[in-house]
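Only one structure is covered here, and it is reproduced in the block below.
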There are 2 protein chains.
Amino acid sequence: MLYPSKTVENAVLQISKLPGIGKKSAFRIAMHLLKANADISHQLAQSLVDLKLKTQYCVHCHNISDDAECHICTNPKRNSTIMCVVQDSKDVMAIENTGLYHGKYYVLGGLISPVNGVGPADLHIDKFFTKFPSGTINEVILALSPTVDGDMTAFYISKKVNEYGIKITTIARGIPVGSELDYMDEITLGRSIEKRINYENI
Amino acid sequence: MLYPSKTVENAVLQISKLPGIGKKSAFRIAMHLLKANADISHQLAQSLVDLKLKTQYCVHCHNISDDAECHICTNPKRNSTIMCVVQDSKDVMAIENTGLYHGKYYVLGGLISPVNGVGPADLHIDKFFTKFPSGTINEVILALSPTVDGDMTAFYISKKVNEYGIKITTIARGIPVGSELDYMDEITLGRSIEKRINYENI
């Protein structure tokens, strides 16, 4: 690609490093910023730098936070007896946006993945188990992706949590609401027949 | 949407102002930058600020440039007798990437568009006509989009350029190379039959 100037080329290079953005989109974004008011670039640039400077991980749950403790851990209305284990902060946000969960979270920061060389020591898993001896937690919900890595991580955690005699649940698997059966993969469809639920529980 | 922190929310807001990026993509980008090395955000932020600080428009052709004169206008190997009129810098880049044009450019900075309230005075059109009295230009190529605004702008320019008795051409219209006839719109297909060319000229 021949760019009109080195500055534009550098900007396109930097922008196209972002996930889901190719060279063409990056160039369109660069041209947009070039034409727009200088304030737009400045505000954007500042917000990107702030992302690393001003955010930190909550000391209790490892969720992203502006402070040492996140707004969920410090909220006295949240039920501290239920702990929902998720892979990432974006999963916390996804569940929060449903408005249906009122317990606390624990963010692992990834999944156990032998293929990618990620073991329990690379995640926040071991610190998680220090929360149980105090006896305040009644239920652990495993809200991990139904993938090989997700299942392996869930198995590892459930085995350890079992030692404390705490109830372990996992998010329901099956056909997503609104989807058409004939577009569904066989494994999901097959499992959802095998593990069918009473109609009243729908 | 409930974001994990105000800083993340602000970054998502700023990122999602970019063209072609929605809230979900913006959040994915923010999370990517949060996890990545701080250098990545800094380099990206700096490159965005530089876009406005270090680039300018070429005094001759209004193309984007790092200097007062762009690298095409100052290139002695380019044919100064041919002038290709385009809407935008990104069109210069598109034509340059074909490697088949060796003349100079003139960037209008937009198209005449009565619907959007854009007249000739809002573009770099009038300055364009000051280039002809010197008699160095033999041909003007109109490389504008085949849209209502593009056609109107082409008509306006061609009328004025005609006064100088200079040859005016326009980029060929027809079926794009590699496309299938049955997926083509009727206007393009109809025109390409009416305006058919000799087989040798393909």
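Naming scheme: A, B, ... for chains in displayed order of the structure tokens; residues 1 onward per chain; ligands 1 onward as shown.
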Quick one: contact table of chain B to chain A, 6 Å max, nearest atom pair and distance in Å to one decimal per residue, counting only C-alpha atoms, chain and number order, as CSV?
residue,atom,partner,partner_atom,distance
B:Pro4,CA,A:Ile64,CA,5.8
B:Ser5,CA,A:Ser65,CA,5.1
B:Ala11,CA,A:Ser47,CA,4.9
B:Gln14,CA,A:Leu44,CA,5.2
B:Leu34,CA,A:Lys52,CA,5.7
B:Ser41,CA,A:Val49,CA,5.7
B:His42,CA,A:Val49,CA,6.0
B:Leu44,CA,A:Gln14,CA,5.2
B:Ala45,CA,A:Ala45,CA,4.1
B:Ser47,CA,A:Ala11,CA,4.9
B:Leu48,CA,A:Ser41,CA,5.9
B:Val49,CA,A:Ser41,CA,5.7
B:Lys52,CA,A:Leu34,CA,5.7
B:Ile64,CA,A:Pro4,CA,5.8
B:Ser65,CA,A:Ser5,CA,5.1
B:Asp66,CA,A:Ser5,CA,5.5
Any chance you can output those residues with C-alpha atoms as a short mmCIF file (atom, residue, chain, number, x, y, z; two decimals), in the first residue's frame?
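The result, written out as result05.cif:
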data_model
loop_
_atom_site.label_atom_id
_atom_site.label_comp_id
_atom_site.auth_asym_id
_atom_site.auth_seq_id
_atom_site.Cartn_x
_atom_site.Cartn_y
_atom_site.Cartn_z
CA PRO B 4 -16.54 -2.12 34.88
CA SER B 5 -15.09 1.38 35.33
CA ALA B 11 -12.50 4.91 26.28
CA GLN B 14 -14.29 7.72 22.37
CA LEU B 34 -5.97 -2.92 28.79
CA SER B 41 -1.57 2.41 23.88
CA HIS B 42 1.07 5.12 24.00
CA LEU B 44 -1.30 4.38 19.17
CA ALA B 45 -2.30 7.54 21.07
CA SER B 47 0.15 8.35 16.20
CA LEU B 48 -3.44 9.64 16.41
CA VAL B 49 -2.34 13.01 17.77
CA LYS B 52 -3.46 16.26 13.03
CA ILE B 64 -2.34 14.88 2.47
CA SER B 65 1.36 15.33 3.02
CA ASP B 66 4.02 15.47 5.74
#
Could you please write out, as a PyMOL selection string, every residue of range 22-197 of chain B that DSSP assigns to alpha helix (DSSP H)? chain B and resi 23-35+38-54+89-98+125-128+148-162+186-194
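Atom to atom, CA of Ile137 in chain A and CA of Asp122 in chain A stand 24.2 Å apart.
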Per-residue DSSP, range 48-120 of chain B, filtered to strand (DSSP E or B), as a VMD selection string: chain B and resid 56 to 57 64 to 65 79 to 86 103 to 107 113 118
Selection file, N, CA, C and O atoms, as an mmCIF file, in the first residue's frame:
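As a result, result.cif now contains:
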data_model
loop_
_atom_site.group_PDB
_atom_site.id
_atom_site.type_symbol
_atom_site.label_atom_id
_atom_site.label_comp_id
_atom_site.auth_asym_id
_atom_site.auth_seq_id
_atom_site.Cartn_x
_atom_site.Cartn_y
_atom_site.Cartn_z
ATOM 1 N N GLN B 56 -0.284 17.914 6.698
ATOM 2 C CA GLN B 56 -0.889 19.124 6.153
ATOM 3 C C GLN B 56 -1.366 18.794 4.745
ATOM 4 O O GLN B 56 -1.195 17.671 4.274
ATOM 5 N N TYR B 57 -1.980 19.768 4.098
ATOM 6 C CA TYR B 57 -2.427 19.539 2.732
ATOM 7 C C TYR B 57 -1.440 20.193 1.774
ATOM 8 O O TYR B 57 -1.023 21.333 1.989
ATOM 9 N N ILE B 64 -2.956 14.891 1.147
ATOM 10 C CA ILE B 64 -2.344 14.878 2.473
ATOM 11 C C ILE B 64 -0.842 14.678 2.335
ATOM 12 O O ILE B 64 -0.393 13.885 1.503
ATOM 13 N N SER B 65 -0.089 15.374 3.157
ATOM 14 C CA SER B 65 1.364 15.327 3.022
ATOM 15 C C SER B 65 2.029 15.618 4.358
ATOM 16 O O SER B 65 1.450 16.279 5.219
ATOM 17 N N ASN B 79 4.421 13.031 -14.851
ATOM 18 C CA ASN B 79 4.021 13.809 -16.026
ATOM 19 C C ASN B 79 3.136 14.980 -15.584
ATOM 20 O O ASN B 79 1.992 14.784 -15.177
ATOM 21 N N SER B 80 3.653 16.205 -15.701
ATOM 22 C CA SER B 80 2.887 17.376 -15.239
ATOM 23 C C SER B 80 1.846 17.827 -16.246
ATOM 24 O O SER B 80 1.116 18.784 -15.980
ATOM 25 N N THR B 81 1.787 17.199 -17.403
ATOM 26 C CA THR B 81 0.823 17.660 -18.416
ATOM 27 C C THR B 81 -0.544 16.987 -18.233
ATOM 28 O O THR B 81 -1.512 17.388 -18.862
ATOM 29 N N ILE B 82 -0.601 15.950 -17.391
ATOM 30 C CA ILE B 82 -1.883 15.273 -17.115
ATOM 31 C C ILE B 82 -2.279 15.526 -15.666
ATOM 32 O O ILE B 82 -1.452 15.406 -14.760
ATOM 33 N N MET B 83 -3.521 15.883 -15.455
ATOM 34 C CA MET B 83 -4.010 16.191 -14.117
ATOM 35 C C MET B 83 -5.224 15.306 -13.843
ATOM 36 O O MET B 83 -6.210 15.351 -14.586
ATOM 37 N N CYS B 84 -5.148 14.500 -12.802
ATOM 38 C CA CYS B 84 -6.257 13.617 -12.446
ATOM 39 C C CYS B 84 -7.018 14.236 -11.273
ATOM 40 O O CYS B 84 -6.455 14.436 -10.194
ATOM 41 N N VAL B 85 -8.294 14.532 -11.486
ATOM 42 C CA VAL B 85 -9.105 15.187 -10.459
ATOM 43 C C VAL B 85 -9.820 14.124 -9.633
ATOM 44 O O VAL B 85 -10.543 13.289 -10.192
ATOM 45 N N VAL B 86 -9.600 14.137 -8.318
ATOM 46 C CA VAL B 86 -10.260 13.170 -7.443
ATOM 47 C C VAL B 86 -10.968 13.889 -6.294
ATOM 48 O O VAL B 86 -10.690 15.056 -6.023
ATOM 49 N N GLY B 103 0.764 10.610 -13.943
ATOM 50 C CA GLY B 103 0.600 12.061 -14.020
ATOM 51 C C GLY B 103 0.467 12.649 -12.622
ATOM 52 O O GLY B 103 0.855 12.033 -11.633
ATOM 53 N N LYS B 104 -0.097 13.850 -12.541
ATOM 54 C CA LYS B 104 -0.294 14.495 -11.244
ATOM 55 C C LYS B 104 -1.768 14.419 -10.824
ATOM 56 O O LYS B 104 -2.616 13.973 -11.596
ATOM 57 N N TYR B 105 -2.036 14.882 -9.618
ATOM 58 C CA TYR B 105 -3.402 14.829 -9.087
ATOM 59 C C TYR B 105 -3.877 16.211 -8.690
ATOM 60 O O TYR B 105 -3.072 17.125 -8.481
ATOM 61 N N TYR B 106 -5.185 16.323 -8.541
ATOM 62 C CA TYR B 106 -5.759 17.482 -7.884
ATOM 63 C C TYR B 106 -6.911 16.986 -7.006
ATOM 64 O O TYR B 106 -7.865 16.362 -7.508
ATOM 65 N N VAL B 107 -6.787 17.237 -5.701
ATOM 66 C CA VAL B 107 -7.786 16.726 -4.742
ATOM 67 C C VAL B 107 -8.802 17.835 -4.437
ATOM 68 O O VAL B 107 -8.437 18.897 -3.926
ATOM 69 N N SER B 113 -22.589 19.158 -3.834
ATOM 70 C CA SER B 113 -23.772 18.416 -3.404
ATOM 71 C C SER B 113 -24.830 19.379 -2.885
ATOM 72 O O SER B 113 -24.838 19.726 -1.702
ATOM 73 N N VAL B 118 -23.344 21.704 -0.227
ATOM 74 C CA VAL B 118 -21.944 21.892 -0.599
ATOM 75 C C VAL B 118 -21.872 22.470 -2.012
ATOM 76 O O VAL B 118 -22.300 21.823 -2.977
#
Residue contacts of Phe155 in chain A (12 Å, only C-alpha atoms) excluding same-chain residues fewer than 2 positions away, as a PyMOL selection string: chain A and resi 111-112+120+142+144+146-153+157-162+168-170
Report the distance between CA of Gly174 in chain A and CA of Thr188 in chain A in Å, rounded to one decimal place. 6.0 Å
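The space between CA of Lys23 in chain B and CA of His102 in chain A spans 24.5 Å.
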Would you list the contacts of Phe132 in chain B as a PyMOL selection string, taking every protein, DNA or RNA residue within 10 Å and counting only C-alpha atoms, but skipping same-chain residues closer than 2 positions in sequence? chain B and resi 128-130+134-138+161+163-166
Would you save the residues from that selection as a short mmCIF file (atom, residue, chain, number, x, y, z; two decimals), in the first residue's frame, using N, CA, C and O atoms?
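Output file part29.cif is given in full below:
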data_model
loop_
_atom_site.label_atom_id
_atom_site.label_comp_id
_atom_site.auth_asym_id
_atom_site.auth_seq_id
_atom_site.Cartn_x
_atom_site.Cartn_y
_atom_site.Cartn_z
N PHE B 128 -8.35 25.39 -8.77
CA PHE B 128 -7.97 24.42 -9.81
C PHE B 128 -7.86 25.09 -11.18
O PHE B 128 -6.94 24.83 -11.94
N PHE B 129 -8.79 26.01 -11.46
CA PHE B 129 -8.84 26.60 -12.79
C PHE B 129 -7.71 27.60 -13.04
O PHE B 129 -7.44 27.97 -14.18
N THR B 130 -7.03 28.01 -11.94
CA THR B 130 -5.90 28.94 -12.12
C THR B 130 -4.69 28.23 -12.72
O THR B 130 -3.72 28.86 -13.11
N SER B 134 -1.50 28.89 -17.83
CA SER B 134 -0.07 28.73 -18.15
C SER B 134 0.15 27.80 -19.34
O SER B 134 1.22 27.81 -19.94
N GLY B 135 -0.86 27.00 -19.69
CA GLY B 135 -0.77 26.16 -20.89
C GLY B 135 0.07 24.90 -20.75
O GLY B 135 0.40 24.25 -21.74
N THR B 136 0.42 24.51 -19.51
CA THR B 136 1.25 23.31 -19.34
C THR B 136 0.42 22.02 -19.26
O THR B 136 0.96 20.94 -19.42
N ILE B 137 -0.87 22.14 -19.03
CA ILE B 137 -1.71 20.95 -18.86
C ILE B 137 -2.43 20.61 -20.17
O ILE B 137 -3.08 21.47 -20.77
N ASN B 138 -2.28 19.34 -20.60
CA ASN B 138 -2.89 18.89 -21.86
C ASN B 138 -4.17 18.10 -21.66
O ASN B 138 -4.99 18.02 -22.56
N VAL B 161 -13.31 23.70 -17.84
CA VAL B 161 -12.05 23.28 -18.47
C VAL B 161 -12.17 23.39 -19.98
O VAL B 161 -11.20 23.71 -20.67
N GLU B 163 -13.41 25.66 -21.63
CA GLU B 163 -13.09 27.03 -22.07
C GLU B 163 -11.62 27.16 -22.46
O GLU B 163 -11.27 28.03 -23.26
N TYR B 164 -10.78 26.29 -21.89
CA TYR B 164 -9.35 26.36 -22.20
C TYR B 164 -8.96 25.41 -23.34
O TYR B 164 -7.80 25.28 -23.69
N GLY B 165 -9.95 24.74 -23.91
CA GLY B 165 -9.68 23.82 -25.01
C GLY B 165 -8.79 22.65 -24.63
O GLY B 165 -8.01 22.15 -25.46
N ILE B 166 -8.90 22.21 -23.37
CA ILE B 166 -8.06 21.10 -22.91
C ILE B 166 -8.86 19.80 -23.00
O ILE B 166 -10.07 19.77 -22.75
#
